[in-house]
Amino acid sequence: MKKIFYLQEILDFGKTFLSNCIAKELLNKNKTVLYQTAPNMLDNIISYRFGDNNLKDFYNNLLDVDLLIIDDLGTESMNSLKYTELFNVLNPRLLNQNNKVTKTIISTNLSLKNILDTYDERIFSRIAGNYNICRFFGEDIRLKK
Ligand SMILES: Nc1ncnc2c1ncn2[C@@H]1O[C@H](COP(=O)(O)OP(=O)(O)OP(=O)(O)O)[C@@H](O)[C@H]1O
Ligand SMILES: [Mg+2]
């Protein structure tokens, strides 16, 4: 069983909702969970890199929490600095440093092909090779409300 999930949608339905349900279950088991949208996470990391020391704990938590949820990957404005920083979060979390198992959920509206086109090869290969891909089908429940 792979330990990472990547939630990709075909039609709009339930990725954030399901991520939050998983977060709640883990928090109930006293696991640590951090939820971030990709744009927010990457902006915070860049601010930290440019000297905002208030974000040091935040950055350490990104690498250390039992579950990191990165929501809405692909909605951020990307540049090469952000590619590097995204990689610097995803890769150490895959390696389970210090014998600590860290799991990551990425949710996105991008297909794997879009991921390859949008990000660099190293990010694509880690997502394609290491993540369980859950495709979401169905009608958008928002339109039914
Ligand atoms: N299993 C569910 N039961 C009840 N309501 C749900 C369920 N899944 C999703 N919803 C509701 O459907 C709406 C859309 O879900 P959600 O926000 O999780 O979609 P999403 O895939 O994250 O969409 P987006 O790509 O726009 O971020 C929300 O109002 C959410 O509360
Ligand atoms: Mg969402």
# chains A, B, ... in the order shown; residues from 1 in each chain; ligands from 1
>>> residues_around(residues="Lys31 of chain A", least_positions_apart="2", cutoff="12 Å", atoms="only C-alpha atoms", output="PyMOL selection string")
chain A and resi 22-29+33-34+64-68+101-103
>>> write_last_selection(atoms="C-alpha atoms", output="PDB file, in the first residue's frame")
ATOM      1  CA  ILE A  22      -9.314  12.376   6.456  1.00  0.00           C
ATOM      2  CA  ALA A  23      -7.756  15.220   8.466  1.00  0.00           C
ATOM      3  CA  LYS A  24     -10.496  14.967  11.081  1.00  0.00           C
ATOM      4  CA  GLU A  25     -10.016  11.209  11.471  1.00  0.00           C
ATOM      5  CA  LEU A  26      -6.275  11.624  11.978  1.00  0.00           C
ATOM      6  CA  LEU A  27      -6.647  14.529  14.394  1.00  0.00           C
ATOM      7  CA  ASN A  28      -8.990  12.317  16.420  1.00  0.00           C
ATOM      8  CA  LYS A  29      -6.111   9.832  16.608  1.00  0.00           C
ATOM      9  CA  VAL A  33      -2.205  17.512  10.240  1.00  0.00           C
ATOM     10  CA  LEU A  34      -1.499  20.676   8.280  1.00  0.00           C
ATOM     11  CA  ASP A  64       7.297  17.106   9.918  1.00  0.00           C
ATOM     12  CA  VAL A  65       3.526  16.784  10.248  1.00  0.00           C
ATOM     13  CA  ASP A  66       2.070  13.285  10.006  1.00  0.00           C
ATOM     14  CA  LEU A  67      -0.246  14.430   7.219  1.00  0.00           C
ATOM     15  CA  LEU A  68       0.234  17.427   4.961  1.00  0.00           C
ATOM     16  CA  VAL A 101       6.409   8.255   8.374  1.00  0.00           C
ATOM     17  CA  THR A 102       4.987  11.381   6.801  1.00  0.00           C
ATOM     18  CA  LYS A 103       2.055  11.247   4.426  1.00  0.00           C
TER      19      LYS A 103
END
>>> residues_near_ligand(ligand="ligand 2", cutoff="7 Å", atoms="only C-alpha atoms and all ligand atoms", output="list in words")
Gly14, Lys15, Thr16, Asp71 and Asp72 of chain A
>>> select_by_dssp(residues="segment 80-119 of chain A", states="alpha helix (DSSP H)", output="PyMOL selection string")
chain A and resi 80-95+112-118
>>> select_by_dssp(residues="segment 67-112 of chain A", states="strand (DSSP E)", output="list of chain:residue names")
A:Leu67, A:Leu68, A:Ile69, A:Ile70, A:Asp71, A:Asp72, A:Leu73, A:Lys103, A:Thr104, A:Ile105, A:Ile106, A:Ser107, A:Thr108
>>> atom_distance(atom1="atom CA of Asn88 of chain A", atom2="atom 19 (O, counted along the ligand's line) of ligand 1")
26.9 Å
>>> closest_residue(among="A:Ile105, A:Cys21, A:Phe87, A:Pro92", to="Glu121 of chain A", atoms="only C-alpha atoms")
A:Phe87
>>> atom_distance(atom1="atom CA of Phe136 of chain A", atom2="atom CA of Gln36 of chain A")
20.1 Å
>>> closest_residue(among="A:Thr108, A:Ser77, A:Thr32, A:Asn40", to="ligand 1", atoms="only C-alpha atoms and all ligand atoms")
A:Thr108
>>> residues_around(residues="Ser47 of chain A", least_positions_apart="4", cutoff="12 Å", atoms="only C-alpha atoms", output="list in words")
Asn40, Met41, Leu42, Asp43, Gly51, Asp52, Asn53, Asn54, Leu55, Lys56, Phe58, Tyr59, Leu81, Lys82 and Glu85 of chain A
>>> write_last_selection(atoms="N, CA and C atoms", output="short mmCIF file (atom, residue, chain, number, x, y, z; two decimals), in the first residue's frame")
data_model
loop_
_atom_site.label_atom_id
_atom_site.label_comp_id
_atom_site.auth_asym_id
_atom_site.auth_seq_id
_atom_site.Cartn_x
_atom_site.Cartn_y
_atom_site.Cartn_z
N ASN A 40 -1.05 29.40 -1.12
CA ASN A 40 -0.74 29.92 0.21
C ASN A 40 0.55 29.32 0.75
N MET A 41 0.69 28.00 0.60
CA MET A 41 1.89 27.32 1.09
C MET A 41 3.14 27.88 0.41
N LEU A 42 3.08 27.99 -0.92
CA LEU A 42 4.28 28.42 -1.64
C LEU A 42 4.61 29.89 -1.35
N ASP A 43 3.58 30.72 -1.21
CA ASP A 43 3.84 32.13 -0.86
C ASP A 43 4.50 32.21 0.52
N GLY A 51 13.37 35.73 4.57
CA GLY A 51 13.75 36.25 5.88
C GLY A 51 12.66 36.42 6.92
N ASP A 52 11.42 36.00 6.62
CA ASP A 52 10.37 36.12 7.64
C ASP A 52 10.50 34.97 8.64
N ASN A 53 11.18 35.27 9.74
CA ASN A 53 11.45 34.20 10.71
C ASN A 53 10.24 33.74 11.49
N ASN A 54 9.15 34.52 11.41
CA ASN A 54 7.91 34.06 12.05
C ASN A 54 7.40 32.78 11.40
N LEU A 55 7.90 32.50 10.20
CA LEU A 55 7.41 31.33 9.46
C LEU A 55 8.31 30.11 9.63
N LYS A 56 9.27 30.20 10.55
CA LYS A 56 10.18 29.06 10.73
C LYS A 56 9.43 27.81 11.21
N PHE A 58 6.29 27.20 10.92
CA PHE A 58 5.43 26.77 9.82
C PHE A 58 6.20 25.89 8.86
N TYR A 59 7.41 26.32 8.50
CA TYR A 59 8.19 25.56 7.53
C TYR A 59 8.58 24.19 8.09
N LEU A 81 11.54 29.41 -8.69
CA LEU A 81 11.77 29.37 -7.24
C LEU A 81 10.72 28.47 -6.57
N LYS A 82 9.49 28.63 -7.00
CA LYS A 82 8.40 27.84 -6.40
C LYS A 82 8.52 26.36 -6.78
N GLU A 85 10.88 24.98 -4.37
CA GLU A 85 10.33 24.87 -3.02
C GLU A 85 9.27 23.77 -2.92
#
>>> closest_residue(among="A:Gly74, A:Ile123, A:Ile46, A:Asn61", to="ligand 1", atoms="only C-alpha atoms and all ligand atoms")
A:Gly74
>>> atom_distance(atom1="atom CA of Glu76 of chain A", atom2="atom CA of Asp117 of chain A")
14.6 Å
>>> closest_residue(among="A:Leu110, A:Ile45, A:Ile115, A:Ile133", to="ligand 1", atoms="only C-alpha atoms and all ligand atoms")
A:Leu110
>>> decode(residues="segment 85-118 of chain A", atoms="C-alpha atoms", output="PDB file, in the first residue's frame")
ATOM      1  CA  GLU A  85      10.331  24.871  -3.018  1.00  0.00           C
ATOM      2  CA  LEU A  86       7.524  22.495  -3.966  1.00  0.00           C
ATOM      3  CA  PHE A  87      10.114  19.818  -4.622  1.00  0.00           C
ATOM      4  CA  ASN A  88      11.794  20.628  -1.298  1.00  0.00           C
ATOM      5  CA  VAL A  89       8.547  19.836   0.488  1.00  0.00           C
ATOM      6  CA  LEU A  90       7.452  16.780  -1.495  1.00  0.00           C
ATOM      7  CA  ASN A  91      10.780  14.995  -1.638  1.00  0.00           C
ATOM      8  CA  PRO A  92      11.813  14.925   2.036  1.00  0.00           C
ATOM      9  CA  ARG A  93       8.277  13.897   2.977  1.00  0.00           C
ATOM     10  CA  LEU A  94       8.621  10.913   0.635  1.00  0.00           C
ATOM     11  CA  LEU A  95      11.915   9.923   2.186  1.00  0.00           C
ATOM     12  CA  ASN A  96      10.489   9.677   5.716  1.00  0.00           C
ATOM     13  CA  GLN A  97      13.545  11.159   7.324  1.00  0.00           C
ATOM     14  CA  ASN A  98      14.352  10.310  10.957  1.00  0.00           C
ATOM     15  CA  ASN A  99      12.297   7.136  10.545  1.00  0.00           C
ATOM     16  CA  LYS A 100       9.151   9.173  10.819  1.00  0.00           C
ATOM     17  CA  VAL A 101       6.409   8.255   8.374  1.00  0.00           C
ATOM     18  CA  THR A 102       4.987  11.381   6.801  1.00  0.00           C
ATOM     19  CA  LYS A 103       2.055  11.247   4.426  1.00  0.00           C
ATOM     20  CA  THR A 104       0.883  13.781   1.920  1.00  0.00           C
ATOM     21  CA  ILE A 105      -2.354  14.431   0.082  1.00  0.00           C
ATOM     22  CA  ILE A 106      -2.235  16.587  -3.024  1.00  0.00           C
ATOM     23  CA  SER A 107      -5.485  17.655  -4.576  1.00  0.00           C
ATOM     24  CA  THR A 108      -5.626  19.175  -8.005  1.00  0.00           C
ATOM     25  CA  ASN A 109      -7.702  19.665 -11.104  1.00  0.00           C
ATOM     26  CA  LEU A 110      -4.659  18.923 -13.244  1.00  0.00           C
ATOM     27  CA  SER A 111      -4.226  15.630 -15.074  1.00  0.00           C
ATOM     28  CA  LEU A 112      -0.877  13.857 -14.870  1.00  0.00           C
ATOM     29  CA  LYS A 113      -0.115  15.201 -18.339  1.00  0.00           C
ATOM     30  CA  ASN A 114      -0.850  18.727 -17.098  1.00  0.00           C
ATOM     31  CA  ILE A 115       1.453  18.085 -14.122  1.00  0.00           C
ATOM     32  CA  LEU A 116       4.246  17.130 -16.495  1.00  0.00           C
ATOM     33  CA  ASP A 117       3.596  20.196 -18.636  1.00  0.00           C
ATOM     34  CA  THR A 118       3.244  22.578 -15.698  1.00  0.00           C
TER      35      THR A 118
END
